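Chemist: Just one file: run_18.txt, with compact mmCIF, C-alpha atoms.
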# COMPACT_ATOMS: atom_id res chain seq x y z
CA GLU A 37 0.00 0.00 0.00
CA ALA A 38 1.39 3.40 -0.99
CA GLY A 39 1.96 5.86 1.82
CA VAL A 40 1.24 9.57 1.90
CA THR A 41 3.11 11.18 -0.96
CA GLN A 42 4.02 14.82 -1.32
CA PHE A 43 5.26 16.71 -4.33
CA PRO A 44 7.64 18.34 -4.84
CA SER A 45 10.11 17.22 -2.22
CA HIS A 46 11.94 20.53 -2.54
CA SER A 47 10.98 23.89 -3.96
CA VAL A 48 13.09 27.02 -4.21
CA ILE A 49 11.28 30.17 -5.29
CA GLU A 50 11.74 33.88 -5.09
CA LYS A 51 9.77 36.16 -2.84
CA GLY A 52 6.55 37.18 -4.55
CA GLN A 53 6.22 34.05 -6.64
CA THR A 54 3.52 31.42 -6.32
CA VAL A 55 4.07 27.83 -5.25
CA THR A 56 1.65 24.93 -5.11
CA LEU A 57 2.32 21.93 -2.95
CA ARG A 58 0.52 18.67 -3.48
CA CYS A 59 -0.38 15.85 -1.14
CA ASP A 60 -1.77 12.45 -2.09
CA PRO A 61 -3.15 10.76 1.01
CA ILE A 62 -3.45 7.04 1.50
CA SER A 63 -6.37 5.75 -0.54
CA GLY A 64 -9.55 5.69 1.49
CA HIS A 65 -8.36 8.15 4.11
CA ASP A 66 -10.99 10.81 4.56
CA ASN A 67 -8.93 12.88 7.00
CA LEU A 68 -6.14 14.98 5.56
CA TYR A 69 -3.96 17.38 7.52
CA TRP A 70 -1.38 19.99 6.64
CA TYR A 71 1.35 20.90 9.11
CA ARG A 72 4.37 23.15 8.78
CA ARG A 73 7.74 23.33 10.46
CA VAL A 74 9.59 26.60 10.19
CA MET A 75 13.35 26.23 10.59
CA GLY A 76 14.25 25.00 14.06
CA LYS A 77 10.81 25.58 15.47
CA GLU A 78 7.87 23.40 16.35
CA ILE A 79 5.65 21.68 13.82
CA LYS A 80 2.43 23.63 13.62
CA PHE A 81 -1.01 22.55 12.52
CA LEU A 82 -2.35 24.38 9.49
CA LEU A 83 -5.65 22.75 8.62
CA HIS A 84 -7.75 19.62 8.52
CA PHE A 85 -9.93 18.29 5.71
CA VAL A 86 -12.62 15.68 6.08
CA LYS A 87 -13.13 14.53 2.55
CA GLU A 88 -13.44 17.76 0.56
CA SER A 89 -14.61 19.91 3.47
CA LYS A 90 -12.39 22.07 5.65
CA GLN A 91 -13.02 20.87 9.18
CA ASP A 92 -10.56 23.17 10.90
CA GLU A 93 -8.43 25.84 9.28
CA SER A 94 -7.51 27.67 12.44
CA GLY A 95 -3.80 27.24 11.83
CA MET A 96 -3.64 28.89 8.41
CA PRO A 97 -1.26 31.85 8.81
CA ASN A 98 -3.00 34.35 6.51
CA ASN A 99 -4.91 34.70 3.30
CA ARG A 100 -1.85 34.11 1.16
CA PHE A 101 -2.36 30.42 1.87
CA LEU A 102 -5.10 28.52 0.06
CA ALA A 103 -5.77 24.84 0.57
CA GLU A 104 -8.08 22.78 -1.56
CA ARG A 105 -9.18 19.20 -1.75
CA THR A 106 -11.52 18.94 -4.69
CA GLY A 107 -13.20 15.56 -4.90
CA GLY A 108 -11.89 14.58 -1.51
CA THR A 109 -8.79 12.88 -2.85
CA TYR A 110 -5.51 14.75 -3.18
CA SER A 111 -4.98 18.18 -1.70
CA THR A 112 -3.06 21.25 -2.80
CA LEU A 113 -1.66 24.06 -0.72
CA LYS A 114 -0.95 27.23 -2.64
CA VAL A 115 1.10 30.10 -1.33
CA GLN A 116 0.60 33.33 -3.25
CA PRO A 117 2.58 35.51 -3.07
CA ALA A 118 5.29 33.72 -1.13
CA GLU A 119 7.21 35.60 1.55
CA LEU A 120 10.54 34.82 3.20
CA GLU A 121 8.87 33.67 6.42
CA ASP A 122 6.97 30.98 4.53
CA SER A 123 10.15 28.94 4.21
CA GLY A 124 9.98 25.64 6.02
CA VAL A 125 8.92 22.04 5.67
CA TYR A 126 5.28 21.41 4.87
CA PHE A 127 3.98 18.05 6.02
CA CYS A 128 0.82 16.33 4.98
CA ALA A 129 -0.81 13.54 6.96
CA SER A 130 -3.85 11.36 6.51
CA SER A 131 -5.94 9.00 8.56
CA HIS A 132 -8.90 6.75 8.18
CA PRO A 133 -12.17 7.87 9.72
CA GLN A 134 -11.90 6.88 13.36
CA GLY A 135 -14.82 5.06 14.84
CA THR A 136 -13.07 3.08 17.51
CA GLY A 137 -12.24 5.95 19.85
CA GLU A 138 -8.59 5.05 19.75
CA THR A 139 -5.64 7.38 19.44
CA ASN A 140 -4.15 8.75 16.27
CA GLU A 141 -1.80 5.82 15.88
CA LYS A 142 -3.20 5.46 12.42
CA LEU A 143 -2.10 8.94 11.38
CA PHE A 144 0.42 8.67 8.54
CA PHE A 145 2.75 11.45 7.53
CA GLY A 146 4.35 12.20 4.20
CA SER A 147 8.04 13.05 3.96
CA GLY A 148 7.28 16.73 3.51
CA THR A 149 8.03 19.49 1.02
CA GLN A 150 11.01 21.67 1.83
CA LEU A 151 10.08 25.17 0.69
CA SER A 152 12.76 27.84 0.44
CA VAL A 153 11.73 31.38 -0.37
CA LEU A 154 14.67 33.59 -1.37
CA GLY B 143 -1.95 29.07 25.00
CA GLU B 144 -0.76 25.57 24.38
CA ASP B 145 2.98 25.10 24.37
CA VAL B 146 5.26 22.09 24.14
CA GLU B 147 8.97 22.53 24.81
CA GLN B 148 11.97 20.31 24.19
CA SER B 149 15.72 20.73 24.31
CA LEU B 150 17.18 21.04 20.82
CA PHE B 151 20.10 18.63 20.91
CA LEU B 152 21.24 15.46 22.62
CA SER B 153 24.42 13.56 21.93
CA VAL B 154 25.03 10.07 23.31
CA ARG B 155 27.49 7.24 22.86
CA GLU B 156 26.33 4.07 21.17
CA GLY B 157 25.12 1.54 23.72
CA ASP B 158 24.24 4.17 26.33
CA SER B 159 20.70 5.17 27.23
CA SER B 160 19.18 8.35 25.82
CA VAL B 161 16.61 10.41 27.65
CA ILE B 162 14.69 13.02 25.74
CA ASN B 163 12.56 15.39 27.77
CA CYS B 164 9.46 17.40 27.00
CA THR B 165 7.29 19.79 28.97
CA TYR B 166 3.82 20.92 28.04
CA THR B 167 1.45 23.51 29.38
CA ASP B 168 -2.01 22.21 28.55
CA SER B 169 -3.31 20.40 31.59
CA SER B 170 -6.22 19.05 29.56
CA SER B 171 -3.91 17.03 27.32
CA THR B 172 -5.35 13.60 26.88
CA TYR B 173 -2.73 11.86 24.76
CA LEU B 174 0.97 12.45 24.50
CA TYR B 175 3.08 11.16 21.66
CA TRP B 176 6.63 10.66 20.54
CA TYR B 177 7.39 10.89 16.84
CA LYS B 178 10.68 10.19 15.09
CA GLN B 179 11.86 11.86 11.92
CA GLU B 180 14.80 10.38 10.08
CA PRO B 181 16.58 12.43 7.40
CA GLY B 182 14.43 12.81 4.30
CA ALA B 183 11.55 10.90 5.80
CA GLY B 184 8.18 11.74 7.28
CA LEU B 185 7.17 11.58 10.89
CA GLN B 186 6.87 8.11 12.31
CA LEU B 187 4.85 7.46 15.45
CA LEU B 188 7.09 5.74 17.98
CA THR B 189 4.82 5.45 20.96
CA TYR B 190 2.11 7.24 22.87
CA ILE B 191 0.74 7.39 26.37
CA PHE B 192 -2.67 8.22 27.76
CA SER B 193 -2.74 10.99 30.33
CA ASN B 194 -4.03 8.62 33.01
CA MET B 195 -0.89 6.50 32.77
CA ASP B 196 2.48 7.08 34.42
CA MET B 197 4.64 4.81 32.35
CA LYS B 198 4.61 2.80 29.20
CA GLN B 199 7.30 0.44 27.99
CA ASP B 200 7.69 -0.84 24.47
CA GLN B 201 10.85 -2.85 23.81
CA ARG B 202 13.76 -0.39 24.07
CA LEU B 203 11.45 2.58 24.60
CA THR B 204 10.16 3.75 27.96
CA VAL B 205 7.82 6.71 28.28
CA LEU B 206 7.39 8.40 31.64
CA LEU B 207 4.65 10.92 32.33
CA ASN B 208 4.55 13.24 35.32
CA LYS B 209 1.18 14.91 35.06
CA LYS B 210 1.71 17.12 38.06
CA ASP B 211 4.80 18.68 36.52
CA LYS B 212 3.50 18.31 32.94
CA HIS B 213 6.70 16.51 32.03
CA LEU B 214 7.09 13.72 29.51
CA SER B 215 10.24 11.78 28.79
CA LEU B 216 11.36 9.17 26.30
CA ARG B 217 14.12 6.80 27.29
CA ILE B 218 15.84 4.76 24.61
CA ALA B 219 17.83 1.87 26.02
CA ASP B 220 20.99 0.64 24.28
CA THR B 221 20.96 3.52 21.83
CA GLN B 222 22.11 2.62 18.31
CA THR B 223 23.39 4.73 15.44
CA GLY B 224 20.10 4.05 13.68
CA ASP B 225 18.36 5.95 16.46
CA SER B 226 19.95 9.18 15.25
CA ALA B 227 17.02 11.35 14.22
CA ILE B 228 14.83 14.21 15.37
CA TYR B 229 12.35 13.27 18.08
CA PHE B 230 9.16 15.25 18.46
CA CYS B 231 6.93 15.33 21.47
CA ALA B 232 3.26 16.05 20.72
CA GLU B 233 0.02 16.31 22.60
CA THR B 234 -3.65 16.60 21.95
CA HIS B 235 -6.60 17.33 24.12
CA SER B 236 -9.14 16.66 21.44
CA PRO B 237 -11.52 13.80 22.03
CA PRO B 238 -10.26 10.62 20.41
CA GLY B 239 -11.69 9.90 17.03
CA ILE B 240 -12.59 13.53 16.42
CA THR B 241 -9.40 15.03 15.14
CA ASP B 242 -5.70 14.36 14.81
CA LYS B 243 -4.79 17.96 15.47
CA LEU B 244 -1.52 17.74 17.33
CA ILE B 245 0.53 20.30 19.21
CA PHE B 246 4.17 19.54 18.59
CA GLY B 247 7.36 20.54 20.31
CA THR B 248 10.42 21.92 18.54
CA GLY B 249 12.02 18.51 18.22
CA THR B 250 15.21 17.14 19.79
CA ARG B 251 18.00 16.14 17.47
CA LEU B 252 19.60 12.97 18.81
CA GLN B 253 23.09 12.21 17.61
CA VAL B 254 24.59 8.83 18.42
CA PHE B 255 28.34 8.47 18.11
CA PRO B 256 30.39 5.26 18.15
Here is a file; write its structure as structure tokens.

Modeler:
Amino acid sequence: EAGVTQFPSHSVIEKGQTVTLRCDPISGHDNLYWYRRVMGKEIKFLLHFVKESKQDESGMPNNRFLAERTGGTYSTLKVQPAELEDSGVYFCASSHPQGTGETNEKLFFGSGTQLSVL
Amino acid sequence: GEDVEQSLFLSVREGDSSVINCTYTDSSSTYLYWYKQEPGAGLQLLTYIFSNMDMKQDQRLTVLLNKKDKHLSLRIADTQTGDSAIYFCAETHSPPGITDKLIFGTGTRLQVFP
């Protein structure tokens, strides 16, 4: 079974440009999450999709960030226009709908996209 | 607000035990986790502990939770070079099965030398 895949693995862009990150969750996983780690700091929650709906977008930094998940499959995270402080590693994670009341031990992370804004 | 803190670096000799510490501020945390990130890889769940537990052991890993002090630790026995990675502490107070929104620490980079 394929894991969570993210594309690209690295992106280097100039300030003011637009970048789109993609995440393909594990097939059948309704929950999809975006997290971000700015250099040397903690990993921060950005938002949570349940299928195609945004369940929680409280972590989105500002309106330069737009996340979509049309059709409830893969998701994109667009940054437009990119700023220097957007540099970091963007992680995507997915999980199956939880009905057992257990922990998130079934949360799977992708290897991340390293974004560098120059 | 919620905050999770970790020391940034730890260096240990191969074969020794490693202890990675974490403190958190949210007293309503229900689950606490340890994730491992190897170079170029995603986050891998190592172990977790419920807030009503004090200790959990899983092979070479021992998790200790002091709820009073809001302190979590991960002990790795017989540390190997393959244990070199970044270790993240994380917590959630969301009801299980509702969301996987995690509050992470800054990560501790563990370096194991021969």

Chemist: Hey, what's within 6 Å of segment 163-172 of chain B if we count only C-alpha atoms and toss same-chain stuff fewer than 3 positions away? As a list in words, please?

Modeler: Glu144, Asp145, Val146, Glu147, Gln148, Ser193, Lys212, His213, Leu214, Ser215, Thr234 and His235 of chain B

Chemist: List every residue of chain B that has an atom at most 9 Å from any atom of chain A, and for each one report the closest atom pair and its distance in Å to one decimal, counting all atoms listed in the file, with rows sorted by chain and then by increasing residue number, as a tab-separated table.

Modeler:
residue	atom	partner	partner_atom	distance
B:Val146	CA	A:Glu78	CA	8.3
B:Glu147	CA	A:Glu78	CA	8.6
B:Leu150	CA	A:Gly76	CA	8.4
B:Tyr173	CA	A:Thr139	CA	7.5
B:Gln179	CA	A:Ser147	CA	8.9
B:Gly182	CA	A:Ser147	CA	6.4
B:Ala183	CA	A:Ser147	CA	4.5
B:Gly184	CA	A:Ser147	CA	3.6
B:Leu185	CA	A:Phe145	CA	5.6
B:Gln186	CA	A:Phe145	CA	7.1
B:Leu187	CA	A:Glu141	CA	6.9
B:Thr189	CA	A:Glu141	CA	8.4
B:Tyr190	CA	A:Glu141	CA	8.1
B:Phe192	CA	A:Thr139	CA	8.9
B:Phe230	CA	A:Glu78	CA	8.5
B:Pro237	CA	A:Gly137	CA	8.2
B:Pro238	CA	A:Gly137	CA	5.1
B:Gly239	CA	A:Gln134	CA	4.8
B:Ile240	CA	A:Gln134	CA	7.4
B:Thr241	CA	A:His84	CA	8.2
B:Asp242	CA	A:Asn140	CA	6.0
B:Lys243	CA	A:Phe81	CA	6.6
B:Leu244	CA	A:Phe81	CA	6.8
B:Ile245	CA	A:Lys80	CA	6.8
B:Phe246	CA	A:Ile79	CA	5.4
B:Gly247	CA	A:Glu78	CA	4.9
B:Thr248	CA	A:Glu78	CA	3.7
B:Gly249	CA	A:Glu78	CA	6.7

Chemist: Segment 67-80 of chain A, all listed atoms, 8 Å padding on each side: what axis-aligned box centre and edge lengths in Å to one decimal come out, as JSON?

Modeler:
{"center_x": 2.7, "center_y": 19.7, "center_z": 11.0, "size_x": 39.2, "size_y": 29.7, "size_z": 26.8}

Chemist: Need to verify the contact set: Ser123 of chain A, 6 Å, only C-alpha atoms, exclusion of same-chain residues closer than 5 positions in sequence. Can you return it as a list of chain:residue names?

Modeler: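 Contacts, with the query itself left out: A:Leu151, A:Ser152, A:Val153.
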
Chemist: Show me as an NGL selection string the residues that reach within 6 Å of (2.1, 17.8, -1.1), counting only C-alpha atoms and using the file's own coordinates.

Modeler: :A and (42-43 or 57-59)

Chemist: Report, in Å to a single decimal, how far apart atom CA of Asn208 of chain B and atom CA of Asp196 of chain B are.

Modeler: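 Computed distance, atom CA of Asp196 of chain B to atom CA of Asn208 of chain B, equals 6.6 Å.
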
Chemist: Do you have the atom CA of Ser63 of chain A-atom CA of Glu233 of chain B distance handy?

Modeler: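 A separation of 26.2 Å between them.
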
Chemist: Taking into account only C-alpha atoms, which residue in the set B:Trp176, B:Asn194, B:Asp158, B:Val254 is nearest to Leu216 of chain B?

Modeler: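 Closest candidate: B:Trp176.
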
Chemist: Using all atoms listed in the file for the distances, tell me which of B:Gly157, B:Leu252, B:Asp211, B:Met197 is nearest to Tyr229 of chain B.

Modeler: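 The shortest atom-to-atom distance to Tyr229 of chain B comes from B:Leu252.
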
Chemist: Can you tell me, as a PyMOL selection string, which residues sit within 9 Å of (-1.0, 30.1, 0.9) in the file's frame, using all atoms listed in the file?

Modeler: chain A and resi 54-56+96-103+113-118+122

Chemist: Measure the distance from atom CA of Gly64 of chain A to atom CA of Ala232 of chain B in Å and round it to one decimal.

Modeler: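 Here the two named atoms are 25.3 Å from each other.
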
Chemist: For Arg251 of chain B, please output as a count of residues only all residues within 8 Å (counting all atoms listed in the file; exclusion window: fewer than 3 positions along the same chain).

Modeler: 7
